[in-house]
Amino acid sequence: MAQSVIAVINQKGGVGKTTTAVSLAACLHSKKSPALVLDADPQGSAVGWSRMGDGFGFAVEAVDLTSDGAARALKQTIASHDGHVVIDCPPEAKQPAAVAAALADLVLIPVSASGLDVMATKRATDLVLDARSMLGGERPRALLVATKFDRTAIARDMAQMLRGFIGEADFDQLNPDGPAVAATRIANLVPLRECTASGLTIVQYQPKGKSAQEYRALAKEVLKQIKQGE
Ligand SMILES: Nc1ncnc2c1ncn2[C@@H]1O[C@H](COP(=O)(O)OP(=O)(O)O)[C@@H](O)[C@H]1O
Ligand SMILES: [Mg+2]
């Protein structure tokens, strides 16, 4: 049985879902607890990235979360993997994200520092809260994470803006006994784009760089949230 299941969701494209799914998996991965990235995006960005070079050192597999029986198949994959499972969801389509959210311990929602992306985040948080009310418990929890963070006013005021767009009541429910927004923010930095071209994760490309450090800190926060939810 998987140690943790993390779904990376946002209906917006280009917010850093694939970058976050792969980088987080790289930070969670160890021999004892191997990471598995499930690429649910028909565009296959995560699979493509992993095949540009000699591989990430952990598996990246394509999954179809739109078909009949998708939830059952995903359940089986999760049951048969012993480490961490990170699901990279496609933008736009609701069903794959809903299937992933229903089986996730934690839904990670990357939000890039753009007003339009902050506004669109409510679609993802609604999806998580719908999944939770359907399951009738406290799972999945949601954690918003600021990506492509920079010096803009939007980045600075992001948590407050998110609270406004999502609505206070829903915002406060996202993570019942943790923060709705991760303390770790992922800065907008060139190496995160460069590493994709060489088929390397940021941990392989610049293990001591700022981005790898940030994703390591995010991985710690994510594990802590999941533990609290157990
Ligand atoms: N923190 C970041 N700093 C710089 N570039 C980033 C960062 N996060 C993502 N990117 C780049 O932004 C683009 C979109 O990111 P991606 O992870 O593919 O988003 P999504 O999966 O949500 O569509 C990619 O070119 C990626 O390399
Ligand atoms: Mg993607």
# chains A, B, ... in the order shown; residues from 1 in each chain; ligands from 1
$ closest_atom_pairs --of "range 91-146 of chain A" --to "range 10-17 of chain A" --cutoff "6 Å" --atoms "only C-alpha atoms" --output "tab-separated table"
residue	atom	partner	partner_atom	distance
A:Pro91	CA	A:Gln11	CA	4.2
A:Glu92	CA	A:Gln11	CA	4.6
A:Ile109	CA	A:Asn10	CA	5.8
A:Val111	CA	A:Val15	CA	5.9
A:Ser112	CA	A:Val15	CA	5.1
A:Ala124	CA	A:Asn10	CA	5.4
$ write_last_selection --atoms "C-alpha atoms" --output "mmCIF file, in the first residue's frame"
data_model
loop_
_atom_site.group_PDB
_atom_site.id
_atom_site.type_symbol
_atom_site.label_atom_id
_atom_site.label_comp_id
_atom_site.auth_asym_id
_atom_site.auth_seq_id
_atom_site.Cartn_x
_atom_site.Cartn_y
_atom_site.Cartn_z
ATOM 1 C CA PRO A 91 -5.785 21.137 -16.800
ATOM 2 C CA GLU A 92 -9.404 21.803 -17.835
ATOM 3 C CA ILE A 109 -2.755 23.082 -5.682
ATOM 4 C CA VAL A 111 -0.913 28.781 -7.767
ATOM 5 C CA SER A 112 1.369 30.954 -9.826
ATOM 6 C CA ALA A 124 -9.664 23.433 -7.759
#
$ closest_atom_pairs --of "chain A" --to "ligand 1" --cutoff "8 Å" --atoms "only C-alpha atoms and all ligand atoms" --output "CSV"
residue,atom,partner,partner_atom_place_in_ligand_line,distance
A:Asn10,CA,ligand 1,22 (O),6.9
A:Lys12,CA,ligand 1,22 (O),6.6
A:Gly13,CA,ligand 1,23 (O),4.0
A:Gly14,CA,ligand 1,23 (O),3.4
A:Val15,CA,ligand 1,22 (O),3.9
A:Gly16,CA,ligand 1,17 (O),3.3
A:Lys17,CA,ligand 1,22 (O),3.7
A:Thr18,CA,ligand 1,21 (O),3.8
A:Thr19,CA,ligand 1,17 (O),3.7
A:Thr20,CA,ligand 1,17 (O),6.3
A:Ala21,CA,ligand 1,17 (O),8.0
A:Ser45,CA,ligand 1,18 (O),7.0
A:Asp88,CA,ligand 1,21 (O),7.5
A:Cys89,CA,ligand 1,21 (O),7.8
A:Pro90,CA,ligand 1,21 (O),7.3
A:Pro91,CA,ligand 1,23 (O),7.0
A:Pro110,CA,ligand 1,22 (O),7.5
A:Thr147,CA,ligand 1,1 (N),5.2
A:Lys148,CA,ligand 1,1 (N),3.9
A:Phe149,CA,ligand 1,1 (N),6.7
A:Ile186,CA,ligand 1,1 (N),5.3
A:Ala187,CA,ligand 1,1 (N),4.9
A:Asn188,CA,ligand 1,3 (N),3.3
A:Leu189,CA,ligand 1,3 (N),4.1
A:Val190,CA,ligand 1,4 (C),5.2
A:Pro191,CA,ligand 1,4 (C),7.1
A:Leu192,CA,ligand 1,4 (C),5.2
A:Arg193,CA,ligand 1,27 (O),3.6
A:Glu194,CA,ligand 1,27 (O),7.2
A:Thr196,CA,ligand 1,27 (O),6.6
A:Ser211,CA,ligand 1,1 (N),7.5
$ closest_residue --among "A:Pro34, A:Gly199, A:Gly44, A:Gly55" --to "Gly83 in chain A" --atoms "only C-alpha atoms"
A:Pro34
$ select_by_dssp --residues "range 23-155 of chain A" --states "strand (DSSP E or B)" --output "PDB file with C-alpha atoms, in the first residue's frame"
ATOM      1  CA  ALA A  35       8.372   7.611  -5.680  1.00  0.00           C
ATOM      2  CA  LEU A  36       5.987   6.931  -8.529  1.00  0.00           C
ATOM      3  CA  VAL A  37       4.675   9.765 -10.686  1.00  0.00           C
ATOM      4  CA  LEU A  38       1.417   9.044 -12.473  1.00  0.00           C
ATOM      5  CA  ASP A  39       1.043  11.325 -15.466  1.00  0.00           C
ATOM      6  CA  ALA A  59       9.139   5.633 -12.302  1.00  0.00           C
ATOM      7  CA  VAL A  60       6.925   7.974 -14.307  1.00  0.00           C
ATOM      8  CA  GLU A  61       3.916   6.248 -15.852  1.00  0.00           C
ATOM      9  CA  ALA A  62       1.012   7.458 -17.954  1.00  0.00           C
ATOM     10  CA  HIS A  84       4.909   7.707  -2.498  1.00  0.00           C
ATOM     11  CA  VAL A  85       2.486   8.215  -5.362  1.00  0.00           C
ATOM     12  CA  VAL A  86       2.269  11.657  -6.955  1.00  0.00           C
ATOM     13  CA  ILE A  87      -0.454  12.220  -9.566  1.00  0.00           C
ATOM     14  CA  ASP A  88       0.101  14.969 -12.125  1.00  0.00           C
ATOM     15  CA  LEU A 106      -3.425  15.475   0.096  1.00  0.00           C
ATOM     16  CA  VAL A 107      -4.288  17.604  -2.906  1.00  0.00           C
ATOM     17  CA  LEU A 108      -1.565  20.045  -3.731  1.00  0.00           C
ATOM     18  CA  ILE A 109      -2.755  23.082  -5.682  1.00  0.00           C
ATOM     19  CA  PRO A 110       0.011  25.133  -7.292  1.00  0.00           C
ATOM     20  CA  VAL A 111      -0.913  28.781  -7.767  1.00  0.00           C
ATOM     21  CA  SER A 112       1.369  30.954  -9.826  1.00  0.00           C
ATOM     22  CA  ARG A 141      -6.856  17.771   2.621  1.00  0.00           C
ATOM     23  CA  ALA A 142      -5.806  20.618   0.353  1.00  0.00           C
ATOM     24  CA  LEU A 143      -2.633  22.640   0.397  1.00  0.00           C
ATOM     25  CA  LEU A 144      -2.168  25.658  -1.839  1.00  0.00           C
ATOM     26  CA  VAL A 145       1.396  26.369  -2.847  1.00  0.00           C
ATOM     27  CA  ALA A 146       2.681  29.559  -4.416  1.00  0.00           C
ATOM     28  CA  THR A 147       4.745  28.833  -7.524  1.00  0.00           C
ATOM     29  CA  PHE A 149       6.983  33.392  -6.901  1.00  0.00           C
TER      30      PHE A 149
END
$ atom_distance --atom1 "CA of Leu218 in chain A" --atom2 "CA of Leu24 in chain A"
7.5 Å
$ residues_around --residues "Gln213 in chain A" --least-positions-apart "4" --cutoff "12 Å" --atoms "only C-alpha atoms" --output "JSON, numbers by chain"
{"A": [23, 24, 26, 27, 184, 185, 186, 187, 192, 202, 203, 206, 207, 208, 209, 217, 218, 219, 220]}
$ closest_residue --among "A:Val222, A:Ala120, A:Ala2, A:Ala104" --to "Phe165 in chain A" --atoms "only C-alpha atoms"
A:Ala120
$ atom_distance --atom1 "CA of Thr201 in chain A" --atom2 "CA of Asp54 in chain A"
10.9 Å
$ closest_residue --among "A:Leu129, A:Ala70, A:Ser50, A:Met119" --to "Asp172 in chain A" --atoms "only C-alpha atoms"
A:Leu129
$ atom_distance --atom1 "CA of Asp105 in chain A" --atom2 "CA of Pro140 in chain A"
5.0 Å
$ closest_residue --among "A:Val99, A:Gln3, A:Ala25, A:Asp117" --to "Ala73 in chain A" --atoms "only C-alpha atoms"
A:Val99
$ closest_residue --among "A:Val22, A:Ile6, A:Ala182, A:Leu65" --to "Gly48 in chain A" --atoms "only C-alpha atoms"
A:Val22
$ closest_residue --among "A:Gln43, A:Ser4, A:Gln173, A:Ser198" --to "ligand 2" --atoms "only C-alpha atoms and all ligand atoms"
A:Gln43
$ decode --residues "range 139-152 of chain A" --atoms "N, CA and C atoms" --output "PDB file, in the first residue's frame"
ATOM      1  N   ARG A 139     -10.632  13.794   4.553  1.00  0.00           N
ATOM      2  CA  ARG A 139      -9.748  13.541   3.451  1.00  0.00           C
ATOM      3  C   ARG A 139     -10.490  13.788   2.131  1.00  0.00           C
ATOM      4  N   PRO A 140      -9.869  14.301   1.110  1.00  0.00           N
ATOM      5  CA  PRO A 140      -8.483  14.769   1.070  1.00  0.00           C
ATOM      6  C   PRO A 140      -8.339  16.171   1.657  1.00  0.00           C
ATOM      7  N   ARG A 141      -7.188  16.421   2.208  1.00  0.00           N
ATOM      8  CA  ARG A 141      -6.856  17.771   2.621  1.00  0.00           C
ATOM      9  C   ARG A 141      -6.302  18.522   1.419  1.00  0.00           C
ATOM     10  N   ALA A 142      -6.352  19.835   1.466  1.00  0.00           N
ATOM     11  CA  ALA A 142      -5.806  20.618   0.353  1.00  0.00           C
ATOM     12  C   ALA A 142      -4.717  21.546   0.860  1.00  0.00           C
ATOM     13  N   LEU A 143      -3.703  21.707   0.063  1.00  0.00           N
ATOM     14  CA  LEU A 143      -2.633  22.640   0.397  1.00  0.00           C
ATOM     15  C   LEU A 143      -2.320  23.458  -0.852  1.00  0.00           C
ATOM     16  N   LEU A 144      -2.506  24.764  -0.733  1.00  0.00           N
ATOM     17  CA  LEU A 144      -2.168  25.658  -1.839  1.00  0.00           C
ATOM     18  C   LEU A 144      -0.682  25.965  -1.748  1.00  0.00           C
ATOM     19  N   VAL A 145      -0.027  26.013  -2.886  1.00  0.00           N
ATOM     20  CA  VAL A 145       1.396  26.369  -2.847  1.00  0.00           C
ATOM     21  C   VAL A 145       1.698  27.411  -3.917  1.00  0.00           C
ATOM     22  N   ALA A 146       2.337  28.480  -3.492  1.00  0.00           N
ATOM     23  CA  ALA A 146       2.681  29.559  -4.416  1.00  0.00           C
ATOM     24  C   ALA A 146       3.864  29.131  -5.273  1.00  0.00           C
ATOM     25  N   THR A 147       3.666  29.179  -6.595  1.00  0.00           N
ATOM     26  CA  THR A 147       4.745  28.833  -7.524  1.00  0.00           C
ATOM     27  C   THR A 147       5.093  30.068  -8.364  1.00  0.00           C
ATOM     28  N   LYS A 148       6.209  29.997  -9.056  1.00  0.00           N
ATOM     29  CA  LYS A 148       6.663  31.119  -9.892  1.00  0.00           C
ATOM     30  C   LYS A 148       6.628  32.420  -9.082  1.00  0.00           C
ATOM     31  N   PHE A 149       7.025  32.286  -7.847  1.00  0.00           N
ATOM     32  CA  PHE A 149       6.983  33.392  -6.901  1.00  0.00           C
ATOM     33  C   PHE A 149       8.018  34.457  -7.278  1.00  0.00           C
ATOM     34  N   ASP A 150       7.613  35.707  -7.252  1.00  0.00           N
ATOM     35  CA  ASP A 150       8.539  36.788  -7.619  1.00  0.00           C
ATOM     36  C   ASP A 150       8.239  38.027  -6.783  1.00  0.00           C
ATOM     37  N   ARG A 151       8.709  39.165  -7.261  1.00  0.00           N
ATOM     38  CA  ARG A 151       8.573  40.381  -6.459  1.00  0.00           C
ATOM     39  C   ARG A 151       7.284  41.143  -6.717  1.00  0.00           C
ATOM     40  N   THR A 152       6.367  40.561  -7.467  1.00  0.00           N
ATOM     41  CA  THR A 152       5.138  41.286  -7.767  1.00  0.00           C
ATOM     42  C   THR A 152       4.269  41.433  -6.518  1.00  0.00           C
TER      43      THR A 152
END
